[in-house]
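Okay, structure first, notes after.
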Amino acid sequence: MQEERLQDVQQIAASFGAFCGVTGDGAAVAWGDPDFGGDSHAVRHQLKDVKEVFATGFAFAALKVDGTVVTWGENYPGGDSRAVQSQLRDVRTIAASSYAFAAIKTNGEVITWGSKNPPVEAEELPAVQHIVASHEAFCAVTTGGRCVTWGDRKFGGDSHAVEERLQGVQQVVASFRAFAALTGAGAVVCWGDDRFGGMLPKEVEAKLVKVQQLSASHAAFCAVLATGEVVAWGQPEFGGQVPEHLQNRLTDVNFVGSSKSLFCAVQHSGHVVVWGDPSRQGEVEEVEEELHDVCSVCASSHAFAALRRDGRVITWGDPGFGGDSSKVALQLQDVGKRLKPRIKRSLSETRMTEKAP
């Protein structure tokens with residue numbers, strides 16, 4: 001059973017409609033919609049000694065202990081890595097946009113594959129520490145704390161306007177069409193589409209003191225302060241505004257995870273607080289009693305997976321997007337009739353959001 005295999009989980013990654021967990025013995029277990037990488041059957045014999053997994057919107061990449069990479073899922077958004085497989089050696093880490101992967105090798109070289117993955121000259125990326133991606137743009141953070149961006153300008157691929165402020169960068173996160181960077185001084189710098197959090201309102205900026213961590217949904221950002229409080233900005237229906245009735249509960253926050261339209265704050269106590277899309281905010285109530293001792297959360301477009309300290313994984317949200325890991329056999333039945341309408345609605349919502357004023 002899938003549920004029995006989801007024991008002693010160490011790390012989880014999510015595509016738009018599926019999850020993959022890495023267990024303590026180095027195995028990788030995927031579940032959710034096969035069209036989003038939820039079926040790893042074709043490469044199961046290679047998924048051993050897995051160190052970490054990463055995901056585009058439609059595919060997964062498993063980084064193994066020996067520095068090699070195994071991919072599966074839809075071919076064009078990164079599931080097919082055959083064109084660069086010979087170069088995927090000595091890989092240190094991997095970043096992903098919705099359609100492409102970027103692997104950072106131990107020598108600092110960056111290898112990209114998938115769709116809509118604009119090339120970047122190697123000399124532009126000296127000593128890359130990590131890479132983050134919006135829908136169609138990348139941002140690389142160098143070991144010196146500098147940011148190098150490339151890709152579609154409409155998705156944050158050009159950071160020249162804020163380049164002077166991007167010094168000593170510690171973390172970068174991305175919404176669908178914007179980026180937010182956290183500097184060593186605890187300040188936040190945003191760029192990209194204003195409608196997706198790319199502009200930081202002055203009243204919000206004044207609250208961003210001693211920021212510890214950033215998180216991003218589809219069209220909003222959230223910052224965790226040193227005091228354990230949270231500050232959000234962006235579109236309210238995507239979590240850009242914390243509801244008044246939850247503000248008193250959002251204390252002693254350790255970190256925040258996010259799906260497409262929800263933020264999930266994990267407190268130092270191991271409990272969680274969820275806000276964002278009103279139509280989905282209540283989904284967590286079905287598993288609330290099991291959400292204790294949580295140490296990590298991961299999300300697809302419309303579902304969450306919480307990793308507890310005992311290695312158990314608790315999922316909630318839309319089953320068609322990986323929200324029920326105990327019923328994977330049921331999820332894969334009659335996919336065309338049950339899941340495709342959800343996928344179409346999700347893509348339609350994305351288009352509507354892009355056009356929103």
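In the structure tokens, each chain is lettered A, B, ... as it comes, each chain's residues begin at 1, and ligands are numbered from 1 in order of appearance.
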
For region 288-296 of chain A: contacts at 9 Å, only C-alpha atoms, fewer than 5 positions along chain excluded, given as a list in words | Gln11, Ile12, Phe255, Gly257, Val266, Gln267, His268, Ser269, Gly270, His271, Val272, Ala305, Ala306, Leu307, Arg308, Arg309, Asp310 and Ile314 of chain A

Let me see the file: selected residues, C-alpha atoms, as a PDB file, in the first residue's frame.
```pdb
ATOM      1  CA  GLN A  11      11.783  15.213   2.326  1.00  0.00           C
ATOM      2  CA  ILE A  12       8.849  15.968   0.016  1.00  0.00           C
ATOM      3  CA  PHE A 255       8.368  28.971   8.845  1.00  0.00           C
ATOM      4  CA  GLY A 257       4.852  26.948   3.250  1.00  0.00           C
ATOM      5  CA  VAL A 266       4.195  26.038  11.018  1.00  0.00           C
ATOM      6  CA  GLN A 267       4.723  27.162  14.601  1.00  0.00           C
ATOM      7  CA  HIS A 268       7.621  26.125  16.820  1.00  0.00           C
ATOM      8  CA  SER A 269       5.123  23.958  18.679  1.00  0.00           C
ATOM      9  CA  GLY A 270       4.569  21.908  15.492  1.00  0.00           C
ATOM     10  CA  HIS A 271       1.007  23.135  14.917  1.00  0.00           C
ATOM     11  CA  VAL A 272      -0.159  24.808  11.705  1.00  0.00           C
ATOM     12  CA  ALA A 305       1.703  17.313   2.565  1.00  0.00           C
ATOM     13  CA  ALA A 306       2.980  17.839   6.107  1.00  0.00           C
ATOM     14  CA  LEU A 307       5.948  15.877   7.392  1.00  0.00           C
ATOM     15  CA  ARG A 308       5.873  15.127  11.120  1.00  0.00           C
ATOM     16  CA  ARG A 309       8.888  14.523  13.320  1.00  0.00           C
ATOM     17  CA  ASP A 310       7.963  10.826  13.542  1.00  0.00           C
ATOM     18  CA  ILE A 314      -0.298  13.960   6.582  1.00  0.00           C
TER      19      ILE A 314
END
```

Write out as a PyMOL selection string the residues lying within 7 Å of region 89-98 of chain A, counting only C-alpha atoms and excluding same-chain residues fewer than 2 positions away.
-> chain A and resi 54-57+67-68+87+100-106+131-136

Kindly export the residues of the current selection with all heavy atoms, as a short mmCIF file (atom, residue, chain, number, x, y, z; two decimals), in the first residue's frame.
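File produced: again.cif:
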```cif
data_model
loop_
_atom_site.label_atom_id
_atom_site.label_comp_id
_atom_site.auth_asym_id
_atom_site.auth_seq_id
_atom_site.Cartn_x
_atom_site.Cartn_y
_atom_site.Cartn_z
N PHE A 54 13.05 17.17 -6.67
CA PHE A 54 12.65 18.51 -7.09
C PHE A 54 11.55 18.37 -8.13
O PHE A 54 11.39 17.31 -8.73
CB PHE A 54 13.84 19.26 -7.68
CG PHE A 54 15.05 19.30 -6.77
CD1 PHE A 54 15.97 18.25 -6.75
CD2 PHE A 54 15.27 20.37 -5.92
CE1 PHE A 54 17.07 18.27 -5.91
CE2 PHE A 54 16.37 20.41 -5.07
CZ PHE A 54 17.27 19.36 -5.07
N ALA A 55 10.80 19.45 -8.38
CA ALA A 55 9.68 19.33 -9.29
C ALA A 55 9.43 20.59 -10.11
O ALA A 55 9.53 21.71 -9.57
CB ALA A 55 8.41 18.98 -8.52
N THR A 56 9.14 20.41 -11.39
CA THR A 56 8.52 21.47 -12.18
C THR A 56 7.02 21.34 -11.96
O THR A 56 6.59 20.62 -11.06
CB THR A 56 8.84 21.33 -13.69
OG1 THR A 56 8.26 20.10 -14.18
CG2 THR A 56 10.35 21.32 -13.93
N GLY A 57 6.22 21.97 -12.78
CA GLY A 57 4.78 21.82 -12.62
C GLY A 57 4.26 20.46 -13.03
O GLY A 57 3.20 20.02 -12.58
N GLY A 67 25.41 12.07 -7.24
CA GLY A 67 25.42 13.27 -8.06
C GLY A 67 24.76 13.13 -9.41
O GLY A 67 24.78 14.07 -10.21
N THR A 68 24.16 11.97 -9.69
CA THR A 68 23.42 11.78 -10.94
C THR A 68 21.95 12.14 -10.72
O THR A 68 21.50 12.31 -9.59
CB THR A 68 23.54 10.34 -11.46
OG1 THR A 68 23.00 9.44 -10.48
CG2 THR A 68 24.99 9.99 -11.73
N GLN A 87 25.62 15.17 -19.16
CA GLN A 87 26.17 16.31 -18.42
C GLN A 87 25.72 16.33 -16.95
O GLN A 87 26.28 17.07 -16.15
CB GLN A 87 25.73 17.62 -19.07
CG GLN A 87 26.14 17.77 -20.53
CD GLN A 87 25.55 19.03 -21.13
OE1 GLN A 87 25.90 20.15 -20.72
NE2 GLN A 87 24.66 18.88 -22.09
N ALA A 100 10.80 23.96 -16.57
CA ALA A 100 12.20 23.60 -16.79
C ALA A 100 12.95 23.38 -15.49
O ALA A 100 12.59 23.91 -14.44
CB ALA A 100 12.89 24.70 -17.61
N PHE A 101 14.01 22.57 -15.59
CA PHE A 101 14.92 22.34 -14.46
C PHE A 101 16.25 23.04 -14.74
O PHE A 101 16.66 23.23 -15.90
CB PHE A 101 15.20 20.85 -14.29
CG PHE A 101 14.07 20.06 -13.70
CD1 PHE A 101 13.33 19.18 -14.49
CD2 PHE A 101 13.76 20.16 -12.35
CE1 PHE A 101 12.29 18.44 -13.93
CE2 PHE A 101 12.74 19.43 -11.79
CZ PHE A 101 12.00 18.56 -12.58
N ALA A 102 16.94 23.40 -13.66
CA ALA A 102 18.30 23.93 -13.76
C ALA A 102 19.13 23.25 -12.68
O ALA A 102 18.87 23.40 -11.49
CB ALA A 102 18.32 25.45 -13.56
N ALA A 103 20.11 22.47 -13.10
CA ALA A 103 20.97 21.74 -12.17
C ALA A 103 22.27 22.49 -11.96
O ALA A 103 22.90 22.95 -12.92
CB ALA A 103 21.26 20.34 -12.71
N ILE A 104 22.67 22.64 -10.70
CA ILE A 104 23.94 23.29 -10.37
C ILE A 104 24.95 22.20 -10.03
O ILE A 104 24.75 21.42 -9.10
CB ILE A 104 23.79 24.23 -9.18
CG1 ILE A 104 22.66 25.23 -9.41
CG2 ILE A 104 25.10 24.97 -8.92
CD1 ILE A 104 22.36 26.09 -8.19
N LYS A 105 26.03 22.16 -10.77
CA LYS A 105 27.06 21.16 -10.53
C LYS A 105 28.05 21.65 -9.48
O LYS A 105 28.07 22.83 -9.12
CB LYS A 105 27.77 20.84 -11.85
CG LYS A 105 26.81 20.32 -12.94
CD LYS A 105 27.51 20.00 -14.24
CE LYS A 105 28.40 18.80 -14.13
NZ LYS A 105 28.89 18.32 -15.44
N THR A 106 28.85 20.75 -8.97
CA THR A 106 29.79 21.10 -7.91
C THR A 106 30.81 22.13 -8.37
O THR A 106 31.35 22.88 -7.56
CB THR A 106 30.53 19.86 -7.39
OG1 THR A 106 31.13 19.17 -8.51
CG2 THR A 106 29.57 18.91 -6.69
N ILE A 131 19.33 28.48 -7.10
CA ILE A 131 18.52 29.08 -8.16
C ILE A 131 17.05 28.93 -7.79
O ILE A 131 16.63 27.90 -7.28
CB ILE A 131 18.78 28.42 -9.53
CG1 ILE A 131 20.26 28.59 -9.93
CG2 ILE A 131 17.89 29.02 -10.61
CD1 ILE A 131 20.62 27.91 -11.23
N VAL A 132 16.28 29.98 -8.05
CA VAL A 132 14.84 29.98 -7.81
C VAL A 132 14.15 30.38 -9.11
O VAL A 132 14.73 31.11 -9.92
CB VAL A 132 14.47 30.97 -6.68
CG1 VAL A 132 12.98 31.03 -6.46
CG2 VAL A 132 15.17 30.57 -5.39
N ALA A 133 12.91 29.91 -9.32
CA ALA A 133 12.23 30.20 -10.57
C ALA A 133 10.79 30.63 -10.36
O ALA A 133 10.09 30.12 -9.48
CB ALA A 133 12.26 28.98 -11.47
N SER A 134 10.35 31.59 -11.17
CA SER A 134 8.93 31.92 -11.28
C SER A 134 8.37 31.01 -12.38
O SER A 134 8.96 29.97 -12.69
CB SER A 134 8.75 33.40 -11.63
OG SER A 134 9.28 33.68 -12.92
N HIS A 135 7.26 31.40 -13.00
CA HIS A 135 6.67 30.54 -14.03
C HIS A 135 7.59 30.40 -15.24
O HIS A 135 7.78 29.30 -15.76
CB HIS A 135 5.33 31.11 -14.46
CG HIS A 135 4.54 30.22 -15.36
ND1 HIS A 135 4.11 28.97 -14.96
CD2 HIS A 135 4.09 30.39 -16.63
CE1 HIS A 135 3.42 28.41 -15.95
NE2 HIS A 135 3.40 29.24 -16.97
N GLU A 136 8.20 31.52 -15.67
CA GLU A 136 9.04 31.47 -16.87
C GLU A 136 10.31 32.30 -16.74
O GLU A 136 10.78 32.89 -17.71
CB GLU A 136 8.24 31.92 -18.10
CG GLU A 136 7.12 30.95 -18.48
CD GLU A 136 6.43 31.34 -19.77
OE1 GLU A 136 7.08 31.97 -20.63
OE2 GLU A 136 5.25 31.00 -19.93
#
```

Might you pull out every residue within 9 Å of Val242 (chain A), with only C-alpha atoms counted and same-chain residues fewer than 4 positions away left off, and present them as a VMD selection string?
-> chain A and resid 230 to 233 236 246 to 247 275 to 276

Find the residues of region 282-318 of chain A that sit at most 12 Å from region 211-217 of chain A; for each, write down the nearest two atoms and how far apart they are in Å, to one decimal. Count only C-alpha atoms. Sort by chain, then by number going up, and give it as JSON lines.
```
{"residue": "A:Val297", "atom": "CA", "partner": "A:Ser215", "partner_atom": "CA", "distance": 11.8}
{"residue": "A:Cys298", "atom": "CA", "partner": "A:Ser215", "partner_atom": "CA", "distance": 11.5}
{"residue": "A:Ala299", "atom": "CA", "partner": "A:Ser217", "partner_atom": "CA", "distance": 10.0}
{"residue": "A:Ser300", "atom": "CA", "partner": "A:Ser217", "partner_atom": "CA", "distance": 10.7}
{"residue": "A:Ser301", "atom": "CA", "partner": "A:Ser217", "partner_atom": "CA", "distance": 9.3}
{"residue": "A:His302", "atom": "CA", "partner": "A:Ser217", "partner_atom": "CA", "distance": 11.1}
```

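Of the listed residues A:Glu205, A:Gly168, A:Leu200, A:Asn254, the one whose atoms come nearest to Val224 (chain A) is A:Asn254, with distances taken using only C-alpha atoms.
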
Give me the residues within 8 Å of region 30-45 of chain A as a list in words, counting only C-alpha atoms and dropping any in the same chain fewer than 3 places off.
-> Ser15, Phe16, Gly17, Ala18, Phe19, Cys20, Gly21, Lys48, Gly57, Phe58, Ala59, Phe60, Val70, Thr71, Trp72, Gly73, Glu74, Gly79, Pro319, Gly320, Phe321, Gly322, Gly323, Ser325, Val328, Gln331, Leu332, Val335 and Leu339 of chain A

Residue subset to file, keeping C-alpha atoms, as a short mmCIF file (atom, residue, chain, number, x, y, z; two decimals), in the first residue's frame:
```cif
data_model
loop_
_atom_site.label_atom_id
_atom_site.label_comp_id
_atom_site.auth_asym_id
_atom_site.auth_seq_id
_atom_site.Cartn_x
_atom_site.Cartn_y
_atom_site.Cartn_z
CA SER A 15 4.48 19.43 -8.84
CA PHE A 16 1.18 21.10 -9.76
CA GLY A 17 -0.76 17.87 -9.15
CA ALA A 18 1.46 15.28 -7.46
CA PHE A 19 3.94 14.68 -4.66
CA CYS A 20 7.13 12.69 -4.23
CA GLY A 21 8.67 11.76 -0.88
CA LYS A 48 17.60 4.17 -5.07
CA GLY A 57 4.78 21.82 -12.62
CA PHE A 58 4.55 18.51 -14.45
CA ALA A 59 7.67 16.43 -13.70
CA PHE A 60 10.13 15.36 -11.01
CA VAL A 70 16.72 10.63 -12.61
CA THR A 71 13.67 12.32 -14.15
CA TRP A 72 10.06 11.31 -14.86
CA GLY A 73 6.71 12.88 -15.67
CA GLU A 74 5.64 14.83 -18.73
CA GLY A 79 10.46 14.74 -17.43
CA PRO A 319 -7.35 14.33 -3.96
CA GLY A 320 -6.83 15.01 -7.67
CA PHE A 321 -3.73 17.00 -6.78
CA GLY A 322 -2.24 14.59 -4.22
CA GLY A 323 -4.37 15.55 -1.21
CA SER A 325 -2.02 9.72 -0.18
CA VAL A 328 -3.69 6.37 -4.66
CA GLN A 331 -7.02 8.48 -7.59
CA LEU A 332 -5.65 6.78 -10.69
CA VAL A 335 -8.37 9.86 -14.65
CA LEU A 339 -9.05 14.80 -12.84
#
```

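CA of Phe176 (chain A) is positioned 10.0 Å from CA of Arg195 (chain A).
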
Name the residues of region 63-197 of chain A that fall into strand (DSSP E or B) according to DSSP on the backbone, using the chain letters and numbers of this document, as a ChimeraX atom specification.
-> /A:63-64,69-73,91-96,100-105,110-114,128-133,137-142,147-151,169-174,178-183,188-192

So which residues touch region 64-66 of chain A within 6 Å, counting only C-alpha atoms, skipping near sequence neighbours fewer than 6 positions away, as a PDB file with N, CA, C and O atoms, in the first residue's frame?
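Once written, around_27.pdb looks like this:
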```pdb
ATOM      1  N   ASP A  49      19.024   5.218  -3.427  1.00  0.00           N
ATOM      2  CA  ASP A  49      20.050   6.147  -2.948  1.00  0.00           C
ATOM      3  C   ASP A  49      19.724   7.586  -3.343  1.00  0.00           C
ATOM      4  O   ASP A  49      20.611   8.370  -3.716  1.00  0.00           O
ATOM      5  N   VAL A  50      18.431   7.922  -3.268  1.00  0.00           N
ATOM      6  CA  VAL A  50      17.995   9.274  -3.611  1.00  0.00           C
ATOM      7  C   VAL A  50      18.300  10.221  -2.448  1.00  0.00           C
ATOM      8  O   VAL A  50      17.988   9.936  -1.289  1.00  0.00           O
ATOM      9  N   LYS A  51      18.892  11.351  -2.766  1.00  0.00           N
ATOM     10  CA  LYS A  51      19.255  12.356  -1.764  1.00  0.00           C
ATOM     11  C   LYS A  51      18.143  13.388  -1.586  1.00  0.00           C
ATOM     12  O   LYS A  51      17.799  13.775  -0.465  1.00  0.00           O
TER      13      LYS A  51
END
```

Which residues, written as a PyMOL selection string, have at least one atom at most 12 Å from Glu164 (chain A), with only C-alpha atoms counted and residues fewer than 6 positions away on the same chain left out?
-> chain A and resi 145-147+183+189

Could you work out how far CA of Asn107 (chain A) lies from CA of Val128 (chain A), giving the answer in Å with one decimal?
->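 Computing it gives 9.2 Å between the two atoms.
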
Computed interatomic separation between CA of Ala27 (chain A) and CA of Ala14 (chain A) (Å) = 16.1 Å

Identify all residues of region 154-322 of chain A in alpha helix (DSSP H) (DSSP on the backbone) and supply them as a VMD selection string.
-> chain A and resid 202 to 205 244 to 247

Go ahead and dump the residues you just picked, N, CA and C atoms, as an mmCIF file, in the first residue's frame.
```
data_model
loop_
_atom_site.group_PDB
_atom_site.id
_atom_site.type_symbol
_atom_site.label_atom_id
_atom_site.label_comp_id
_atom_site.auth_asym_id
_atom_site.auth_seq_id
_atom_site.Cartn_x
_atom_site.Cartn_y
_atom_site.Cartn_z
ATOM 1 N N LYS A 202 4.380 50.504 0.743
ATOM 2 C CA LYS A 202 5.165 51.174 1.775
ATOM 3 C C LYS A 202 4.706 50.804 3.185
ATOM 4 N N GLU A 203 3.367 50.661 3.369
ATOM 5 C CA GLU A 203 2.877 50.314 4.702
ATOM 6 C C GLU A 203 3.292 48.903 5.101
ATOM 7 N N VAL A 204 3.492 48.036 4.122
ATOM 8 C CA VAL A 204 3.975 46.683 4.398
ATOM 9 C C VAL A 204 5.475 46.708 4.644
ATOM 10 N N GLU A 205 6.189 47.456 3.812
ATOM 11 C CA GLU A 205 7.647 47.538 3.949
ATOM 12 C C GLU A 205 8.057 48.017 5.337
ATOM 13 N N GLU A 244 -8.386 38.835 9.961
ATOM 14 C CA GLU A 244 -8.318 39.358 11.326
ATOM 15 C C GLU A 244 -8.464 38.274 12.382
ATOM 16 N N HIS A 245 -9.353 37.287 12.127
ATOM 17 C CA HIS A 245 -9.600 36.270 13.141
ATOM 18 C C HIS A 245 -8.427 35.312 13.326
ATOM 19 N N LEU A 246 -7.433 35.367 12.418
ATOM 20 C CA LEU A 246 -6.272 34.488 12.538
ATOM 21 C C LEU A 246 -5.025 35.217 13.036
ATOM 22 N N GLN A 247 -5.076 36.535 13.060
ATOM 23 C CA GLN A 247 -3.879 37.294 13.411
ATOM 24 C C GLN A 247 -3.345 36.961 14.800
#
```
